[in-house]
Amino acid sequence: LREIGFDEDIWRGRTPTPAFLALDDGLPLGVATLRRLPGHDPEIVGMWVAGHARGSGVADELVTACLEEAARAGASRVTLHVMDDNPAAQRLYQRHGFVVTGDRGDVPGCGQMARDVTR
């Protein structure tokens, strides 16, 4: 995982607002960012859930928060990238209506998924 080596400056650059943080007793359980570059659909990036919180619904809450924010902003579609060898993440996004688009990410083994926000 290349993200393990990222320093604070890289993470701050990757997590522009709106970012959603799940906390428990002040400790982070997970984070997700909805990034919208000019001329592009909003994209969920920087999705992370602490190991001990996986399977607890935190990831579902973060994805829902991103989708709700995209809808509030008037977006019609949300995209994301997920590694081909991460079936748990793929299942998470499929539960939320994301489908594989066939487009590839900028990292080998990374594919794009998307969903209509208005569904």
# chains A, B, ... in the order shown; residues from 1 in each chain; ligands from 1

call {"tool": "select_by_dssp", "arguments": {"residues": "chain A", "states": "helix (DSSP H, G or I)", "output": "number ranges by chain"}}
result
A: 2-5, 8-14, 51-53, 58-72, 87-95

call {"tool": "write_last_selection", "arguments": {"atoms": "N, CA, C and O atoms", "output": "compact mmCIF listing (two decimals), in the first residue's frame"}}
result
# COMPACT_ATOMS: atom_id res chain seq x y z
N ARG A 2 0.81 1.99 -1.07
CA ARG A 2 1.64 3.19 -1.18
C ARG A 2 1.25 4.25 -0.16
O ARG A 2 2.07 5.07 0.24
N GLU A 3 -0.03 4.25 0.29
CA GLU A 3 -0.50 5.27 1.21
C GLU A 3 0.20 5.22 2.57
O GLU A 3 0.26 6.23 3.27
N ILE A 4 0.72 4.07 2.94
CA ILE A 4 1.41 3.95 4.23
C ILE A 4 2.58 4.93 4.32
O ILE A 4 2.85 5.49 5.36
N GLY A 5 3.24 5.19 3.20
CA GLY A 5 4.38 6.09 3.18
C GLY A 5 4.04 7.57 3.04
O GLY A 5 4.93 8.41 3.07
N GLU A 8 2.12 13.92 6.21
CA GLU A 8 0.95 14.76 6.48
C GLU A 8 0.63 15.70 5.32
O GLU A 8 -0.53 15.92 4.98
N ASP A 9 1.65 16.25 4.68
CA ASP A 9 1.41 17.17 3.56
C ASP A 9 0.68 16.47 2.41
O ASP A 9 -0.22 17.05 1.80
N ILE A 10 1.09 15.25 2.12
CA ILE A 10 0.42 14.51 1.05
C ILE A 10 -1.03 14.24 1.42
O ILE A 10 -1.95 14.43 0.63
N TRP A 11 -1.27 13.80 2.68
CA TRP A 11 -2.65 13.52 3.10
C TRP A 11 -3.49 14.78 3.07
O TRP A 11 -4.65 14.75 2.64
N ARG A 12 -2.96 15.91 3.50
CA ARG A 12 -3.73 17.16 3.47
C ARG A 12 -4.06 17.54 2.03
O ARG A 12 -5.16 18.03 1.77
N GLY A 13 -3.15 17.32 1.12
CA GLY A 13 -3.40 17.61 -0.28
C GLY A 13 -4.43 16.69 -0.90
O GLY A 13 -5.13 17.05 -1.85
N ARG A 14 -4.54 15.47 -0.37
CA ARG A 14 -5.49 14.49 -0.90
C ARG A 14 -6.86 14.58 -0.25
O ARG A 14 -7.80 13.92 -0.68
N GLY A 51 -8.66 -0.85 11.31
CA GLY A 51 -8.81 -2.30 11.30
C GLY A 51 -9.84 -2.81 12.28
O GLY A 51 -10.66 -3.67 11.95
N HIS A 52 -9.83 -2.28 13.51
CA HIS A 52 -10.76 -2.78 14.53
C HIS A 52 -12.20 -2.35 14.27
O HIS A 52 -13.12 -2.90 14.87
N ALA A 53 -12.42 -1.41 13.36
CA ALA A 53 -13.77 -0.92 13.08
C ALA A 53 -14.34 -1.52 11.80
O ALA A 53 -15.50 -1.27 11.45
N VAL A 58 -19.09 1.40 9.71
CA VAL A 58 -18.45 2.70 9.54
C VAL A 58 -18.28 3.03 8.07
O VAL A 58 -18.59 4.14 7.62
N ALA A 59 -17.80 2.09 7.28
CA ALA A 59 -17.58 2.33 5.86
C ALA A 59 -18.90 2.67 5.16
O ALA A 59 -18.94 3.59 4.32
N ASP A 60 -19.97 1.97 5.51
CA ASP A 60 -21.27 2.27 4.92
C ASP A 60 -21.71 3.70 5.25
O ASP A 60 -22.22 4.41 4.39
N GLU A 61 -21.50 4.12 6.48
CA GLU A 61 -21.86 5.47 6.89
C GLU A 61 -21.06 6.51 6.12
O GLU A 61 -21.59 7.55 5.71
N LEU A 62 -19.78 6.25 5.91
CA LEU A 62 -18.94 7.20 5.17
C LEU A 62 -19.36 7.30 3.71
O LEU A 62 -19.44 8.40 3.16
N VAL A 63 -19.63 6.17 3.08
CA VAL A 63 -20.08 6.19 1.68
C VAL A 63 -21.41 6.93 1.58
O VAL A 63 -21.60 7.78 0.70
N THR A 64 -22.33 6.65 2.49
CA THR A 64 -23.62 7.34 2.49
C THR A 64 -23.45 8.85 2.65
O THR A 64 -24.10 9.63 1.94
N ALA A 65 -22.57 9.27 3.54
CA ALA A 65 -22.32 10.70 3.74
C ALA A 65 -21.80 11.35 2.46
O ALA A 65 -22.22 12.45 2.08
N CYS A 66 -20.90 10.66 1.77
CA CYS A 66 -20.37 11.19 0.51
C CYS A 66 -21.46 11.30 -0.55
O CYS A 66 -21.56 12.31 -1.26
N LEU A 67 -22.31 10.27 -0.66
CA LEU A 67 -23.39 10.29 -1.64
C LEU A 67 -24.39 11.39 -1.33
O LEU A 67 -24.87 12.08 -2.24
N GLU A 68 -24.70 11.57 -0.07
CA GLU A 68 -25.64 12.63 0.32
C GLU A 68 -25.07 14.01 0.01
O GLU A 68 -25.79 14.89 -0.47
N GLU A 69 -23.79 14.20 0.26
CA GLU A 69 -23.15 15.49 -0.04
C GLU A 69 -23.14 15.74 -1.54
O GLU A 69 -23.40 16.86 -1.99
N ALA A 70 -22.86 14.72 -2.33
CA ALA A 70 -22.87 14.87 -3.78
C ALA A 70 -24.26 15.27 -4.28
O ALA A 70 -24.40 16.14 -5.14
N ALA A 71 -25.29 14.64 -3.72
CA ALA A 71 -26.66 14.97 -4.11
C ALA A 71 -26.99 16.41 -3.73
O ALA A 71 -27.59 17.14 -4.53
N ARG A 72 -26.60 16.84 -2.52
CA ARG A 72 -26.84 18.22 -2.09
C ARG A 72 -26.17 19.22 -3.02
O ARG A 72 -26.67 20.31 -3.25
N PRO A 87 -11.66 -7.34 -2.88
CA PRO A 87 -13.07 -7.69 -3.04
C PRO A 87 -13.97 -7.16 -1.93
O PRO A 87 -15.14 -6.89 -2.17
N ALA A 88 -13.45 -7.00 -0.73
CA ALA A 88 -14.28 -6.45 0.36
C ALA A 88 -14.71 -5.03 0.03
O ALA A 88 -15.88 -4.66 0.22
N ALA A 89 -13.80 -4.22 -0.47
CA ALA A 89 -14.15 -2.84 -0.84
C ALA A 89 -15.11 -2.85 -2.03
O ALA A 89 -16.07 -2.08 -2.06
N GLN A 90 -14.88 -3.72 -2.98
CA GLN A 90 -15.78 -3.81 -4.13
C GLN A 90 -17.20 -4.15 -3.69
O GLN A 90 -18.17 -3.56 -4.16
N ARG A 91 -17.33 -5.09 -2.74
CA ARG A 91 -18.66 -5.47 -2.22
C ARG A 91 -19.31 -4.29 -1.50
O ARG A 91 -20.52 -4.06 -1.63
N LEU A 92 -18.51 -3.55 -0.73
CA LEU A 92 -19.03 -2.36 -0.04
C LEU A 92 -19.67 -1.41 -1.05
O LEU A 92 -20.81 -0.99 -0.90
N TYR A 93 -18.92 -1.08 -2.09
CA TYR A 93 -19.41 -0.11 -3.06
C TYR A 93 -20.58 -0.68 -3.87
O TYR A 93 -21.53 0.05 -4.17
N GLN A 94 -20.57 -1.97 -4.16
CA GLN A 94 -21.70 -2.58 -4.87
C GLN A 94 -22.97 -2.51 -4.03
O GLN A 94 -24.06 -2.29 -4.57
N ARG A 95 -22.85 -2.67 -2.71
CA ARG A 95 -24.02 -2.54 -1.83
C ARG A 95 -24.65 -1.16 -1.96
O ARG A 95 -25.84 -0.99 -1.73

call {"tool": "residues_around", "arguments": {"residues": "A:Gly102", "least_positions_apart": "6", "cutoff": "9 Å", "atoms": "only C-alpha atoms", "output": "number ranges by chain"}}
result
A: 111-113

call {"tool": "write_last_selection", "arguments": {"atoms": "N, CA, C and O atoms", "output": "PDB file, in the first residue's frame"}}
result
ATOM      1  N   GLY A 111      -9.387  -0.176 -10.767  1.00  0.00           N
ATOM      2  CA  GLY A 111     -10.500   0.082 -11.670  1.00  0.00           C
ATOM      3  C   GLY A 111     -11.457   1.111 -11.115  1.00  0.00           C
ATOM      4  O   GLY A 111     -11.489   1.378  -9.918  1.00  0.00           O
ATOM      5  N   GLN A 112     -12.254   1.675 -12.008  1.00  0.00           N
ATOM      6  CA  GLN A 112     -13.224   2.695 -11.614  1.00  0.00           C
ATOM      7  C   GLN A 112     -14.602   2.071 -11.432  1.00  0.00           C
ATOM      8  O   GLN A 112     -14.994   1.161 -12.154  1.00  0.00           O
ATOM      9  N   MET A 113     -15.339   2.601 -10.457  1.00  0.00           N
ATOM     10  CA  MET A 113     -16.737   2.279 -10.258  1.00  0.00           C
ATOM     11  C   MET A 113     -17.502   3.598 -10.219  1.00  0.00           C
ATOM     12  O   MET A 113     -16.925   4.641  -9.888  1.00  0.00           O
TER      13      MET A 113
END

call {"tool": "residues_around", "arguments": {"residues": "A:Arg77", "least_positions_apart": "6", "cutoff": "7 Å", "atoms": "only C-alpha atoms", "output": "number ranges by chain"}}
result
A: 41, 114-117

call {"tool": "write_last_selection", "arguments": {"atoms": "N, CA and C atoms", "output": "compact mmCIF listing (two decimals), in the first residue's frame"}}
result
# COMPACT_ATOMS: atom_id res chain seq x y z
N ASP A 41 -16.97 14.43 -12.48
CA ASP A 41 -17.93 14.01 -11.45
C ASP A 41 -17.23 13.99 -10.11
N ALA A 114 -18.79 3.55 -10.54
CA ALA A 114 -19.60 4.76 -10.52
C ALA A 114 -21.04 4.40 -10.18
N ARG A 115 -21.79 5.42 -9.75
CA ARG A 115 -23.23 5.24 -9.55
C ARG A 115 -23.93 6.56 -9.77
N ASP A 116 -25.16 6.45 -10.19
CA ASP A 116 -26.05 7.58 -10.37
C ASP A 116 -26.48 8.04 -8.98
N VAL A 117 -26.36 9.32 -8.70
CA VAL A 117 -26.72 9.84 -7.37
C VAL A 117 -28.24 9.89 -7.20

call {"tool": "atom_distance", "arguments": {"atom1": "atom CA of A:Glu43", "atom2": "atom CA of A:Val78"}}
result
5.5 Å

call {"tool": "select_by_dssp", "arguments": {"residues": "chain A", "states": "strand (DSSP E or B)", "output": "MDAnalysis selection string"}}
result
chainID A and resid 19:24 27:35 43:49 77:83 99:104 110:116

call {"tool": "atom_distance", "arguments": {"atom1": "atom CA of A:Val45", "atom2": "atom CA of A:Leu80"}}
result
6.6 Å

call {"tool": "atom_distance", "arguments": {"atom1": "atom CA of A:Gly39", "atom2": "atom CA of A:Thr101"}}
result
18.2 Å
